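S.K.: This structure is in structure tokens; I'll ask about it shortly.
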Amino acid sequence: MANENWKPLTSSELSDWRALYKDFPSKAYYKQIGQDALPNSMPKSLKQKIDNCVVMASGTPEGDVVMVCNLCRVDQKDSAVDQQPFAIVFDSHGHAESGVYLDHGNWPERTSSPQSDFWRHVDESGIGNYFYPSLPDGSQSGTLESLPETSHRAAFNEMVSRMQRKNLIDPKGTESR
């Protein structure tokens, strides 16, 4: 069962998260980032389990920006890699009061079970360099429209739906969903 974990944001935390979309190209987009680019305000215990994630952002008709940071979290205990998205809606001035983590989502391919070679690499190096869901061949970023119907896209759509149900964004949605 999916659990929403809402997190009020201090001005410092808001600045950290806002930095992830500062280069928002006014078109819905995605980009892969590493652990080192994640906000320092992210809980340290969670950040240590993340190697890569995909940041996806899209504008709304009202001028707001919906950003979803789909974290690929290594769960050694369950020998799995789980996706744990964090979403935030920035108003047209770049402000937001809170963001939300989604634990235990239920979209296809949210959890993967890597082969033993991966776990050997994790044991030797910590988290490792593993990026579970595929992006278009050789891409690190692109328009959201060009992102295939992967688990990343499903995570983005799930978070947008949750933001709509909370009336944080208009039910008309975002561009290029």
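Chain identifiers are assigned as A, B, and so on, following the order in which chains appear in the structure tokens; residues are numbered from 1 within each chain, and ligands are numbered from 1 in order of appearance.
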For the contact check between region 20-114 of chain A and region 13-16 of chain A, emit one row per residue of region 20-114 of chain A within 8 Å, containing the shortest atom pair and the distance in Å rounded to one decimal, counting only C-alpha atoms, chain then rising number order, as CSV.
M.R.:
```
residue,atom,partner,partner_atom,distance
A:Leu20,CA,A:Asp16,CA,7.3
A:Pro39,CA,A:Asp16,CA,5.1
A:Asn40,CA,A:Asp16,CA,7.1
A:Ser41,CA,A:Glu13,CA,5.6
A:His95,CA,A:Leu14,CA,7.5
A:Ala96,CA,A:Leu14,CA,7.0
```
S.K.: With N, CA, C and O atoms kept, could you save the residues just selected as a PDB file, in the first residue's frame?
M.R.:
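Listed below is the output, part-v9.pdb:
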```pdb
ATOM      1  N   LEU A  20      17.254  21.960  -8.322  1.00  0.00           N
ATOM      2  CA  LEU A  20      17.170  20.838  -9.262  1.00  0.00           C
ATOM      3  C   LEU A  20      16.418  21.190 -10.540  1.00  0.00           C
ATOM      4  O   LEU A  20      16.610  20.558 -11.558  1.00  0.00           O
ATOM      5  N   PRO A  39      19.679  17.243  -3.019  1.00  0.00           N
ATOM      6  CA  PRO A  39      19.750  18.263  -1.972  1.00  0.00           C
ATOM      7  C   PRO A  39      20.371  17.746  -0.684  1.00  0.00           C
ATOM      8  O   PRO A  39      20.111  16.613  -0.277  1.00  0.00           O
ATOM      9  N   ASN A  40      21.158  18.597  -0.054  1.00  0.00           N
ATOM     10  CA  ASN A  40      21.757  18.246   1.240  1.00  0.00           C
ATOM     11  C   ASN A  40      20.692  18.092   2.313  1.00  0.00           C
ATOM     12  O   ASN A  40      20.918  17.440   3.323  1.00  0.00           O
ATOM     13  N   SER A  41      19.531  18.713   2.093  1.00  0.00           N
ATOM     14  CA  SER A  41      18.460  18.642   3.085  1.00  0.00           C
ATOM     15  C   SER A  41      17.707  17.311   3.061  1.00  0.00           C
ATOM     16  O   SER A  41      16.915  17.038   3.952  1.00  0.00           O
ATOM     17  N   HIS A  95       7.850  29.275  -5.051  1.00  0.00           N
ATOM     18  CA  HIS A  95       7.598  28.931  -3.657  1.00  0.00           C
ATOM     19  C   HIS A  95       6.819  27.623  -3.544  1.00  0.00           C
ATOM     20  O   HIS A  95       6.054  27.266  -4.443  1.00  0.00           O
ATOM     21  N   ALA A  96       7.011  26.935  -2.435  1.00  0.00           N
ATOM     22  CA  ALA A  96       6.249  25.724  -2.113  1.00  0.00           C
ATOM     23  C   ALA A  96       6.326  25.544  -0.603  1.00  0.00           C
ATOM     24  O   ALA A  96       7.354  25.842  -0.001  1.00  0.00           O
TER      25      ALA A  96
END
```
S.K.: Within 8 Å of Phe90 (chain A), counting only C-alpha atoms, which residues qualify if same-chain residues fewer than 3 places away don't, as JSON, numbers by chain?
M.R.: {"A": [64, 65, 66, 67, 93, 94, 95, 96]}
S.K.: Between CA of Val68 (chain A) and CA of Thr10 (chain A), what is the spacing in Å?
M.R.: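 So the two atoms, CA of Thr10 (chain A) and CA of Val68 (chain A), lie 18.4 Å apart.
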S.K.: Could you tell me how far CA of Gly34 (chain A) lies from CA of Asp75 (chain A), in Å and to one decimal?
M.R.: 17.2 Å
S.K.: Name the residues in contact with region 160-174 of chain A at a cut-off of 8 Å, using only C-alpha atoms, excluding same-chain residues fewer than 6 positions from it; report them as a list in words.
M.R.: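 The residues that qualify are Ser58, Gly59, Thr60, Pro61, Val66 and Val89 of chain A.
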S.K.: Could the residues in this selection be saved with N, CA and C atoms as a compact mmCIF listing (two decimals), in the first residue's frame?
M.R.:
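The resulting part_17.txt:
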```txt
# COMPACT_ATOMS: atom_id res chain seq x y z
N SER A 58 7.41 19.60 -15.22
CA SER A 58 6.46 20.05 -16.23
C SER A 58 5.72 21.26 -15.71
N GLY A 59 5.41 22.18 -16.60
CA GLY A 59 4.64 23.36 -16.23
C GLY A 59 3.16 23.07 -16.24
N THR A 60 2.40 23.91 -15.54
CA THR A 60 0.95 23.82 -15.53
C THR A 60 0.39 25.04 -16.26
N PRO A 61 -0.87 25.00 -16.64
CA PRO A 61 -1.47 26.17 -17.30
C PRO A 61 -1.43 27.43 -16.42
N VAL A 66 5.57 21.41 -11.66
CA VAL A 66 5.52 20.16 -10.91
C VAL A 66 6.85 19.45 -11.15
N VAL A 89 5.34 20.97 -5.86
CA VAL A 89 4.74 21.91 -6.80
C VAL A 89 5.24 23.30 -6.42
```
S.K.: Between A:Ser141, A:Asn3, A:Ser45, A:Thr150, which is the closest to Gln84 (chain A) once you count only C-alpha atoms?
M.R.: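 Residue with the minimum atom-to-atom distance to Gln84 (chain A): A:Asn3.
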S.K.: Compare A:Val74, A:Met42, A:Asn157, A:Pro85 by their minimum atom-to-atom distance to Ser12 (chain A), counting only C-alpha atoms, and give me the closest one.
M.R.: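 Of A:Val74, A:Met42, A:Asn157, A:Pro85, the one nearest Ser12 (chain A), counting only C-alpha atoms, is A:Met42.
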S.K.: With only C-alpha atoms as the atoms that count, which of A:Trp17, A:Phe86, A:Leu135, A:Pro8 lies nearest to Gln32 (chain A)?
M.R.: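 Smallest separation from Gln32 (chain A) among the options: A:Leu135.
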